[in-house]
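Content type PDB, C-alpha atoms, from the file my_file_30.pdb:
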```pdb
ATOM      1  CA  ASP A 273      -1.893 -23.135  15.102
ATOM      2  CA  ASP A 274      -4.079 -22.767  11.999
ATOM      3  CA  SER A 275      -5.651 -26.203  12.522
ATOM      4  CA  THR A 276      -7.309 -25.147  15.796
ATOM      5  CA  MET A 277      -8.726 -21.839  14.567
ATOM      6  CA  SER A 278     -12.261 -21.767  13.216
ATOM      7  CA  TYR A 279     -14.845 -19.068  12.602
ATOM      8  CA  PRO A 280     -16.458 -17.533  14.548
ATOM      9  CA  LEU A 281     -13.826 -17.110  17.249
ATOM     10  CA  THR A 282     -12.992 -14.647  19.972
ATOM     11  CA  TYR A 283      -9.799 -12.948  18.914
ATOM     12  CA  GLY A 284      -7.563 -10.037  19.772
ATOM     13  CA  TYR A 285      -4.900  -9.223  22.340
ATOM     14  CA  SER A 286      -4.986  -5.454  22.715
ATOM     15  CA  LEU A 287      -7.807  -4.045  24.788
ATOM     16  CA  VAL A 288      -7.897  -0.749  26.689
ATOM     17  CA  GLY A 289     -10.680   0.350  28.991
ATOM     18  CA  ARG A 290     -11.567   1.607  32.468
ATOM     19  CA  VAL A 291     -12.058  -0.485  35.573
ATOM     20  CA  VAL A 292     -15.706  -0.254  36.638
ATOM     21  CA  LYS A 293     -15.827  -2.892  39.387
ATOM     22  CA  CYS A 294     -13.346  -4.898  41.463
ATOM     23  CA  GLY A 295     -13.772  -8.110  43.366
ATOM     24  CA  SER A 296     -13.473  -8.130  47.135
ATOM     25  CA  ALA A 297     -10.096  -9.911  46.994
ATOM     26  CA  VAL A 298      -8.407  -7.281  44.815
ATOM     27  CA  PRO A 299      -5.886  -5.633  47.165
ATOM     28  CA  ASP A 300      -5.722  -2.260  45.408
ATOM     29  CA  ALA A 301      -9.378  -2.029  44.454
ATOM     30  CA  ASP A 302      -9.822   1.525  45.713
ATOM     31  CA  SER A 303      -6.944   2.947  43.668
ATOM     32  CA  LEU A 304      -7.724   0.792  40.636
ATOM     33  CA  HIS A 305     -11.373   1.749  40.265
ATOM     34  CA  GLY A 306     -11.842   4.130  37.340
ATOM     35  CA  ARG A 307      -8.266   3.752  36.116
ATOM     36  CA  LEU A 308      -7.394   3.320  32.449
ATOM     37  CA  VAL A 309      -5.878  -0.150  31.982
ATOM     38  CA  PHE A 310      -4.494  -2.346  29.217
ATOM     39  CA  THR A 311      -4.950  -6.112  28.952
ATOM     40  CA  PHE A 312      -3.954  -8.759  26.420
ATOM     41  CA  SER A 313      -7.604  -9.680  25.897
ATOM     42  CA  PRO A 314      -9.847 -10.259  22.870
ATOM     43  CA  HIS A 315     -11.937  -7.439  21.421
ATOM     44  CA  SER A 316     -14.939  -6.895  23.655
ATOM     45  CA  SER A 317     -17.030  -4.114  25.152
ATOM     46  CA  ARG A 318     -16.738  -5.614  28.664
ATOM     47  CA  ILE A 319     -14.475  -8.251  30.178
ATOM     48  CA  ILE A 320     -13.741  -9.921  33.498
ATOM     49  CA  ALA A 321      -9.993 -10.137  34.009
ATOM     50  CA  ASP A 322      -7.562 -11.302  36.682
ATOM     51  CA  ARG A 323      -5.812  -8.466  38.484
ATOM     52  CA  GLU A 324      -2.438  -9.852  37.417
ATOM     53  CA  SER A 325      -3.387  -9.467  33.740
ATOM     54  CA  LEU A 326      -4.111  -5.739  34.000
ATOM     55  CA  HIS A 327      -1.477  -3.124  33.185
ATOM     56  CA  VAL A 328      -2.323   0.332  34.516
ATOM     57  CA  VAL A 329      -1.739   2.843  31.725
ATOM     58  CA  PRO A 330       0.782   5.466  32.915
ATOM     59  CA  GLU A 331      -0.253   9.086  33.199
ATOM     60  CA  GLY A 332       0.211  11.009  29.975
ATOM     61  CA  ILE A 333      -0.663   8.103  27.670
ATOM     62  CA  SER A 334      -4.071   8.151  25.997
ATOM     63  CA  ALA A 335      -6.261   5.128  25.364
ATOM     64  CA  GLU A 336      -5.574   5.558  21.650
ATOM     65  CA  ASP A 337      -1.836   5.283  22.276
ATOM     66  CA  ALA A 338      -2.189   2.465  24.825
ATOM     67  CA  ILE A 339      -3.794   0.072  22.350
ATOM     68  CA  PHE A 340      -0.438  -0.049  20.571
ATOM     69  CA  PHE A 341       1.307  -1.556  23.614
ATOM     70  CA  PRO A 342       1.757  -5.059  22.065
ATOM     71  CA  SER A 343       2.907  -3.612  18.739
ATOM     72  CA  VAL A 344       5.466  -1.283  20.309
ATOM     73  CA  GLU A 345       6.783  -4.129  22.464
ATOM     74  CA  THR A 346       7.104  -6.278  19.324
ATOM     75  CA  ALA A 347       9.043  -3.522  17.568
ATOM     76  CA  LEU A 348      11.277  -3.105  20.619
ATOM     77  CA  SER A 349      11.933  -6.853  20.669
ATOM     78  CA  LEU A 350      12.986  -6.707  17.015
ATOM     79  CA  VAL A 351      15.364  -3.835  17.739
ATOM     80  CA  HIS A 352      16.863  -5.743  20.662
ATOM     81  CA  ASP A 353      17.347  -8.809  18.472
ATOM     82  CA  ALA A 354      18.965  -6.693  15.756
ATOM     83  CA  HIS A 355      21.418  -5.167  18.261
ATOM     84  CA  VAL A 356      22.003  -2.160  16.020
ATOM     85  CA  ARG A 357      25.207  -0.389  16.958
ATOM     86  CA  ILE A 358      25.586   3.349  16.648
ATOM     87  CA  GLY A 359      26.634   4.184  13.105
ATOM     88  CA  GLU A 360      25.406   0.977  11.478
ATOM     89  CA  ARG A 361      23.273   1.205   8.363
ATOM     90  CA  VAL A 362      19.900  -0.476   8.712
ATOM     91  CA  ALA A 363      17.323  -1.577   6.172
ATOM     92  CA  ILE A 364      13.728  -2.323   7.137
ATOM     93  CA  PHE A 365      11.728  -4.307   4.605
ATOM     94  CA  GLY A 366       8.026  -3.709   5.146
ATOM     95  CA  GLN A 367       6.421  -0.540   6.513
ATOM     96  CA  GLY A 368       3.188  -1.838   7.858
ATOM     97  CA  LEU A 369       2.425  -1.051  11.485
ATOM     98  CA  ILE A 370       5.297  -3.068  12.986
ATOM     99  CA  GLY A 371       7.782  -1.841  10.404
ATOM    100  CA  LEU A 372       6.839   1.771  11.045
ATOM    101  CA  LEU A 373       7.261   1.327  14.785
ATOM    102  CA  VAL A 374      10.678  -0.287  14.274
ATOM    103  CA  THR A 375      11.619   2.699  12.126
ATOM    104  CA  SER A 376      10.495   5.091  14.846
ATOM    105  CA  ILE A 377      12.421   3.342  17.638
ATOM    106  CA  LEU A 378      15.597   3.103  15.576
ATOM    107  CA  SER A 379      15.334   6.768  14.614
ATOM    108  CA  LEU A 380      15.673   7.682  18.291
ATOM    109  CA  GLN A 381      19.355   6.708  18.128
ATOM    110  CA  GLU A 382      20.027   7.868  14.573
ATOM    111  CA  ILE A 383      23.067  10.154  14.428
ATOM    112  CA  ALA A 384      23.147  13.434  12.556
ATOM    113  CA  SER A 385      25.260  12.234   9.657
ATOM    114  CA  SER A 386      22.442  10.020   8.388
ATOM    115  CA  ARG A 387      20.651  13.230   7.449
ATOM    116  CA  GLY A 388      23.753  14.847   6.045
ATOM    117  CA  GLY A 389      24.463  16.599   9.349
ATOM    118  CA  ARG A 390      27.646  17.293  11.252
ATOM    119  CA  ALA A 391      28.824  16.334  14.720
ATOM    120  CA  GLY A 392      31.417  17.995  16.913
ATOM    121  CA  GLY A 393      31.891  20.754  14.363
ATOM    122  CA  SER A 394      33.374  18.459  11.728
ATOM    123  CA  SER A 395      31.897  16.239   9.052
ATOM    124  CA  ILE A 396      31.527  12.664  10.275
ATOM    125  CA  SER A 397      31.901  11.381   6.739
ATOM    126  CA  SER A 398      35.581  12.308   6.821
ATOM    127  CA  VAL A 399      36.297   9.560   9.363
ATOM    128  CA  GLY A 400      37.925   6.453   7.920
ATOM    129  CA  ILE A 401      35.558   3.470   7.812
ATOM    130  CA  ALA A 402      35.160   0.106   6.134
ATOM    131  CA  PRO A 403      34.471   0.217   2.373
ATOM    132  CA  THR A 404      30.991  -1.293   2.820
ATOM    133  CA  THR A 405      29.650   2.128   3.811
ATOM    134  CA  ASP A 406      29.414   5.427   1.994
ATOM    135  CA  GLY A 407      29.757   7.625   5.058
ATOM    136  CA  ARG A 408      26.028   7.725   5.799
ATOM    137  CA  PHE A 409      26.470   6.409   9.306
ATOM    138  CA  GLY A 410      23.328   5.354  11.107
ATOM    139  CA  ALA A 411      21.091   5.694   8.048
ATOM    140  CA  ILE A 412      17.707   3.966   8.180
ATOM    141  CA  SER A 413      16.506   2.874   4.740
ATOM    142  CA  VAL A 414      12.986   1.478   4.498
ATOM    143  CA  PHE A 415      11.229  -0.351   1.693
ATOM    144  CA  ASP A 416       7.577  -0.865   0.813
ATOM    145  CA  THR A 417       5.346  -0.904  -2.250
ATOM    146  CA  ILE A 418       2.648   1.411  -0.858
ATOM    147  CA  GLY A 419       3.124   5.153  -1.135
ATOM    148  CA  ASP A 420       1.169   6.074   2.011
ATOM    149  CA  ARG A 421       3.377   3.776   4.075
ATOM    150  CA  LEU A 422       6.531   5.295   2.621
ATOM    151  CA  ALA A 423       5.238   8.766   3.448
ATOM    152  CA  ALA A 424       4.462   7.662   7.009
ATOM    153  CA  ALA A 425       7.945   6.142   7.304
ATOM    154  CA  SER A 426       9.518   9.490   6.499
ATOM    155  CA  GLU A 427       7.420  11.087   9.237
ATOM    156  CA  MET A 428       8.491   8.358  11.677
ATOM    157  CA  GLY A 429      12.167   9.081  11.119
ATOM    158  CA  ALA A 430      13.392   7.070   8.119
ATOM    159  CA  SER A 431      16.445   8.488   6.352
ATOM    160  CA  GLU A 432      15.027   7.335   3.027
ATOM    161  CA  ALA A 433      11.808   5.572   2.030
ATOM    162  CA  LEU A 434      12.147   3.579  -1.167
ATOM    163  CA  LEU A 435      10.471   1.058  -3.418
ATOM    164  CA  PRO A 436      11.780  -2.530  -3.109
ATOM    165  CA  SER A 437      13.276  -2.312  -6.592
ATOM    166  CA  GLU A 438      15.789   0.221  -5.237
ATOM    167  CA  SER A 439      17.171  -2.021  -2.501
ATOM    168  CA  HIS A 440      20.073  -3.350  -4.599
ATOM    169  CA  THR A 441      21.434   0.153  -5.165
ATOM    170  CA  ALA A 442      20.603   1.580  -1.722
ATOM    171  CA  GLY A 443      22.746  -0.963   0.151
ATOM    172  CA  PRO A 444      24.741  -2.682   1.326
ATOM    173  CA  PHE A 445      23.468  -2.667   4.888
ATOM    174  CA  ASP A 446      24.956  -3.828   8.154
ATOM    175  CA  VAL A 447      21.570  -5.001   9.400
ATOM    176  CA  ALA A 448      18.328  -5.832   7.588
ATOM    177  CA  ILE A 449      15.020  -6.301   9.422
ATOM    178  CA  GLU A 450      12.300  -8.087   7.462
ATOM    179  CA  VAL A 451       8.722  -7.483   8.625
ATOM    180  CA  SER A 452       6.862  -7.619   5.314
ATOM    181  CA  GLY A 453       5.453 -11.145   5.338
ATOM    182  CA  ASN A 454       6.709 -11.409   1.748
ATOM    183  CA  ALA A 455       9.383 -13.973   0.893
ATOM    184  CA  ARG A 456      10.650 -11.793  -1.954
ATOM    185  CA  ALA A 457      11.419  -9.075   0.579
ATOM    186  CA  LEU A 458      13.254 -11.604   2.735
ATOM    187  CA  GLN A 459      15.391 -12.499  -0.273
ATOM    188  CA  SER A 460      16.098  -8.820  -0.885
ATOM    189  CA  ALA A 461      17.044  -8.395   2.770
ATOM    190  CA  ILE A 462      19.547 -11.236   2.489
ATOM    191  CA  ASP A 463      20.969 -10.042  -0.822
ATOM    192  CA  SER A 464      21.408  -6.407   0.257
ATOM    193  CA  THR A 465      23.139  -7.156   3.567
ATOM    194  CA  SER A 466      26.921  -6.861   3.728
ATOM    195  CA  PRO A 467      29.087  -9.945   4.288
ATOM    196  CA  GLY A 468      29.115 -10.651   7.997
ATOM    197  CA  GLY A 469      25.894  -8.677   8.449
ATOM    198  CA  ARG A 470      22.694  -9.634  10.225
ATOM    199  CA  ILE A 471      19.206 -10.372   8.890
ATOM    200  CA  ILE A 472      16.406 -10.323  11.469
ATOM    201  CA  VAL A 473      13.203 -12.065  10.401
ATOM    202  CA  GLY A 474      10.117 -10.785  12.193
ATOM    203  CA  SER A 475       7.561 -12.047   9.679
ATOM    204  CA  TRP A 476       5.369 -15.020  10.448
ATOM    205  CA  TYR A 477       4.891 -17.146   7.348
ATOM    206  CA  GLY A 478       2.484 -19.661   8.876
ATOM    207  CA  ASN A 479       2.390 -22.905   6.926
ATOM    208  CA  ASP A 480       3.615 -21.326   3.680
ATOM    209  CA  ASP A 481       6.702 -22.735   2.017
ATOM    210  CA  VAL A 482       9.354 -20.039   1.623
ATOM    211  CA  ARG A 483      11.872 -20.490  -1.182
ATOM    212  CA  LEU A 484      15.176 -18.638  -0.941
ATOM    213  CA  LYS A 485      18.286 -18.487  -3.099
ATOM    214  CA  LEU A 486      21.170 -19.347  -0.802
ATOM    215  CA  GLY A 487      23.887 -20.052  -3.361
ATOM    216  CA  ILE A 488      27.608 -19.426  -3.442
ATOM    217  CA  ASP A 489      27.401 -15.717  -2.569
ATOM    218  CA  PHE A 490      25.408 -16.430   0.569
ATOM    219  CA  HIS A 491      27.456 -19.504   1.399
ATOM    220  CA  ARG A 492      30.650 -17.467   1.555
ATOM    221  CA  SER A 493      29.151 -14.364   3.146
ATOM    222  CA  ARG A 494      28.961 -15.422   6.803
ATOM    223  CA  LYS A 495      25.694 -13.557   7.145
ATOM    224  CA  THR A 496      23.494 -14.376  10.125
ATOM    225  CA  ILE A 497      19.750 -14.964   9.762
ATOM    226  CA  LYS A 498      17.920 -14.724  13.068
ATOM    227  CA  ALA A 499      14.248 -15.249  13.897
ATOM    228  CA  SER A 500      12.645 -12.715  16.207
ATOM    229  CA  GLN A 501       9.529 -13.311  18.318
ATOM    230  CA  VAL A 502       8.200 -11.176  21.137
ATOM    231  CA  SER A 503       6.749 -13.808  23.479
ATOM    232  CA  GLU A 504       9.970 -14.334  25.416
ATOM    233  CA  ILE A 505      13.139 -12.394  26.209
ATOM    234  CA  PRO A 506      15.995 -13.513  23.888
ATOM    235  CA  PRO A 507      18.301 -16.006  25.659
ATOM    236  CA  GLU A 508      21.340 -13.719  25.457
ATOM    237  CA  LEU A 509      19.436 -10.925  27.261
ATOM    238  CA  ARG A 510      17.812 -12.901  30.065
ATOM    239  CA  GLY A 511      20.567 -12.025  32.521
ATOM    240  CA  LEU A 512      19.717  -8.329  32.127
ATOM    241  CA  TRP A 513      16.147  -8.051  30.877
ATOM    242  CA  THR A 514      12.812  -9.357  32.092
ATOM    243  CA  LYS A 515       9.375  -8.995  30.564
ATOM    244  CA  GLU A 516       8.568  -6.444  33.284
ATOM    245  CA  ARG A 517      11.591  -4.321  32.379
ATOM    246  CA  ARG A 518      10.709  -4.466  28.684
ATOM    247  CA  PHE A 519       7.095  -3.551  29.479
ATOM    248  CA  ALA A 520       8.307  -0.504  31.394
ATOM    249  CA  LEU A 521      10.507   0.623  28.506
ATOM    250  CA  THR A 522       7.638   0.053  26.079
ATOM    251  CA  TRP A 523       5.491   2.552  27.998
ATOM    252  CA  GLU A 524       8.307   5.099  27.935
ATOM    253  CA  LEU A 525       8.796   4.640  24.198
ATOM    254  CA  MET A 526       5.103   5.160  23.613
ATOM    255  CA  LYS A 527       5.354   8.601  25.210
ATOM    256  CA  LEU A 528       8.039   9.480  22.671
ATOM    257  CA  ILE A 529       6.536   7.816  19.606
ATOM    258  CA  ARG A 530       2.843   8.616  20.141
ATOM    259  CA  PRO A 531       1.776   5.663  17.939
ATOM    260  CA  SER A 532      -1.851   6.778  17.740
ATOM    261  CA  ARG A 533      -0.787   9.093  14.922
ATOM    262  CA  LEU A 534      -0.633   5.930  12.801
ATOM    263  CA  ILE A 535      -4.381   5.312  13.184
ATOM    264  CA  THR A 536      -5.896   5.990   9.787
ATOM    265  CA  LYS A 537      -9.426   4.746  10.512
ATOM    266  CA  THR A 538     -11.600   4.141  13.580
ATOM    267  CA  VAL A 539     -14.630   1.844  13.324
ATOM    268  CA  THR A 540     -17.155   0.017  15.475
ATOM    269  CA  LEU A 541     -16.847  -3.711  16.024
ATOM    270  CA  ASP A 542     -19.631  -4.545  13.581
ATOM    271  CA  GLN A 543     -17.415  -3.023  10.855
ATOM    272  CA  ALA A 544     -14.583  -5.460  11.606
ATOM    273  CA  GLN A 545     -14.874  -7.320   8.304
ATOM    274  CA  GLU A 546     -14.530  -4.097   6.324
ATOM    275  CA  ALA A 547     -11.609  -3.003   8.497
ATOM    276  CA  TYR A 548      -9.653  -6.204   7.959
ATOM    277  CA  GLU A 549     -10.266  -6.073   4.213
ATOM    278  CA  LEU A 550      -8.962  -2.496   4.091
ATOM    279  CA  LEU A 551      -5.832  -3.532   5.976
ATOM    280  CA  ASP A 552      -5.345  -6.552   3.744
ATOM    281  CA  ARG A 553      -5.452  -4.347   0.637
ATOM    282  CA  GLY A 554      -3.075  -1.822   2.171
ATOM    283  CA  ASP A 555      -5.699   0.921   2.076
ATOM    284  CA  GLU A 556      -5.175   1.700   5.770
ATOM    285  CA  ILE A 557      -2.089   1.651   7.986
ATOM    286  CA  SER A 558      -3.814   1.018  11.312
ATOM    287  CA  VAL A 559      -7.453   0.604  12.291
ATOM    288  CA  SER A 560      -8.818   0.935  15.828
ATOM    289  CA  PHE A 561     -12.128  -0.353  17.218
ATOM    290  CA  ARG A 562     -14.222   1.861  19.475
ATOM    291  CA  TYR A 563     -16.884   0.276  21.651
TER
END
```

Rendering of file as structure tokens:
Amino acid sequence: DDSTMSYPLTYGYSLVGRVVKCGSAVPDADSLHGRLVFTFSPHSSRIIADRESLHVVPEGISAEDAIFFPSVETALSLVHDAHVRIGERVAIFGQGLIGLLVTSILSLQEIASSRGGRAGGSSISSVGIAPTTDGRFGAISVFDTIGDRLAAASEMGASEALLPSESHTAGPFDVAIEVSGNARALQSAIDSTSPGGRIIVGSWYGNDDVRLKLGIDFHRSRKTIKASQVSEIPPELRGLWTKERRFALTWELMKLIRPSRLITKTVTLDQAQEAYELLDRGDEISVSFRY
């Protein structure tokens, strides 16, 4: 709520550190002492936290990777909401940190034909399919205005990394995921999605008014626009998934993705203002604080 936020304020929700002391009532104090842990806590050099709020970082995951836990969970939540089926063409509008992580997770299930490959000894493109595709099954097309982000997207597994102006010729797509925070990109996501397709909106627009063109083409298209937010498990998945199960999968995905490779600058906390300005200008992809 913007109306309750004022400066200065304690902010942040991704802190990784080592346990240096435990209270007498902590049941696993002996095994917890010295362990690397994650907590959804504000940026700080030291904190006092409830035991229930601590997540022990699994073996094989560095502190630099662990700080991405909330971001990877957010990307996973977007992928779950999108419900991308094998072979569907996906567009991701926005390749900031969350967009890049969505790209990486989706690329884990990308089939060979999206890179011009073959499966089972025969070309997949020879299989009959609906006319909304061009045979590039499972392709992941990403869009951004910043060259460094497009280059990173290619490294994270995108089939093609393009400027937004190319979205009208790159589609149509079965699914579009919008994580740009730009209403023009949301319009492009809607326009480039096939009739009957799905648009997943991960951006948070705050109190801004968002104007969209939803005329006759959209009216007849039977497209679905769905909001995605990580705080809760989607209603249709609550019979199968819990936050604990999604947390566990998030840790496993982090071992595969190694998100720390997206850190482009590390600073101390007194450089926070500079760091946020760099991110706002798009000069950095991801900045970490070291205490």

Asp542 of chain A proximity check over A:Ser317, A:Glu427, A:His440, A:Lys515, using all atoms listed in the file: winner is A:Ser317

Restricting the calculation to all atoms listed in the file, which member of A:Ala461, A:Leu304, A:Ala433, A:Val344 is positioned closest to Leu484 of chain A?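 That would be A:Ala461, the residue with the smallest distance to Leu484 of chain A.
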
Considering only C-alpha atoms, give me a table of residues in segment 457-480 of chain A that are at most 7 Å from segment 490-502 of chain A, with the closest atom pair and distance in Å for each, as a Markdown table.
```
| residue | atom | partner | partner_atom | distance |
| --- | --- | --- | --- | --- |
| A:Pro467 | CA | A:Ser493 | CA | 4.6 |
| A:Gly468 | CA | A:Lys495 | CA | 4.6 |
| A:Gly469 | CA | A:Lys495 | CA | 5.1 |
| A:Arg470 | CA | A:Thr496 | CA | 4.8 |
| A:Ile471 | CA | A:Ile497 | CA | 4.7 |
| A:Ile472 | CA | A:Lys498 | CA | 4.9 |
| A:Val473 | CA | A:Ala499 | CA | 4.8 |
| A:Gly474 | CA | A:Ser500 | CA | 5.1 |
```

Pick from A:Ile320, A:Ala430, A:Ile462, A:Leu551 nearest to Ile449 of chain A, counting all atoms listed in the file: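 Of A:Ile320, A:Ala430, A:Ile462, A:Leu551, the one nearest Ile449 of chain A is A:Ile462, counting all atoms listed in the file.
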
A:Ile333, A:Ala354, A:Val328, A:Val288: which is nearest Ser313 of chain A, counting only C-alpha atoms? A:Val288

Which residue is closest to Tyr283 of chain A? Choose from A:Thr346, A:Arg517, A:Ser431, A:Leu541 and count all atoms listed in the file.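 Smallest separation from Tyr283 of chain A among the options: A:Leu541.
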
Reference answer for the PyMOL selection byres ((chain A and resi 343) around 12), as a PyMOL selection string: chain A and resi 285-286+312+337-342+344-350+368-374+377+501-503+519+522-523+525-526+531-532+534+558

May I ask which of the residues A:Asp420, A:Tyr477, A:Glu336, A:Arg323 is the closest one to Val559 of chain A, counting only C-alpha atoms?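 Using only C-alpha atoms, Val559 of chain A sits closest to A:Glu336.
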
Where does the PyMOL selection byres ((chain A and resi 453) around 9) land in this file, that is, which residues does it pick, as a compact mmCIF listing (two decimals) with C-alpha atoms, keeping the file's coordinate frame?
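Writing the result to selection.txt gives the following:
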```txt
# COMPACT_ATOMS: atom_id res chain seq x y z
CA GLY A 366 8.03 -3.71 5.15
CA GLU A 450 12.30 -8.09 7.46
CA VAL A 451 8.72 -7.48 8.62
CA SER A 452 6.86 -7.62 5.31
CA ASN A 454 6.71 -11.41 1.75
CA ALA A 455 9.38 -13.97 0.89
CA ARG A 456 10.65 -11.79 -1.95
CA ALA A 457 11.42 -9.07 0.58
CA LEU A 458 13.25 -11.60 2.74
CA GLY A 474 10.12 -10.78 12.19
CA SER A 475 7.56 -12.05 9.68
CA TRP A 476 5.37 -15.02 10.45
CA TYR A 477 4.89 -17.15 7.35
```

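Going from atom CA of Leu434 of chain A to atom CA of Thr375 of chain A covers 13.3 Å.
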
Report, in Å to a single decimal, how far apart atom CA of Val329 of chain A and atom CA of Ala520 of chain A are.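 Computed distance, atom CA of Ala520 of chain A to atom CA of Val329 of chain A, equals 10.6 Å.
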
Computed interatomic separation between atom CA of Arg421 of chain A and atom CA of Gln367 of chain A (Å): 5.8 Å

Apply the PyMOL selection byres ((chain A and resi 464) around 9) to the file shown and report the selected residues as a PyMOL selection string. chain A and resi 363+439-445+448+459-463+465-466

As lines of an AutoDock Vina configuration file: centre and edge lengths in Å, one decimal, of the axis-aligned box holding segment 459-478 of chain A with 8 Å per side:
```
center_x = 15.8
center_y = -13.0
center_z = 5.7
size_x = 42.6
size_y = 29.3
size_z = 29.1
```

Please determine the residues with any atom at most 7 Å from (9.9, 5.7, 1.9) (coordinates as given in the file, with all atoms listed in the file counting) and report them as number ranges by chain. A: 414-415, 422-423, 425-426, 432-434

Dump of C-alpha atoms for the selected residues, as an mmCIF file, keeping the file's coordinate frame:
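Once written, selection_20.cif looks like this:
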```cif
data_model
loop_
_atom_site.group_PDB
_atom_site.id
_atom_site.type_symbol
_atom_site.label_atom_id
_atom_site.label_comp_id
_atom_site.auth_asym_id
_atom_site.auth_seq_id
_atom_site.Cartn_x
_atom_site.Cartn_y
_atom_site.Cartn_z
ATOM 1 C CA VAL A 414 12.986 1.478 4.498
ATOM 2 C CA PHE A 415 11.229 -0.351 1.693
ATOM 3 C CA LEU A 422 6.531 5.295 2.621
ATOM 4 C CA ALA A 423 5.238 8.766 3.448
ATOM 5 C CA ALA A 425 7.945 6.142 7.304
ATOM 6 C CA SER A 426 9.518 9.490 6.499
ATOM 7 C CA GLU A 432 15.027 7.335 3.027
ATOM 8 C CA ALA A 433 11.808 5.572 2.030
ATOM 9 C CA LEU A 434 12.147 3.579 -1.167
#
```
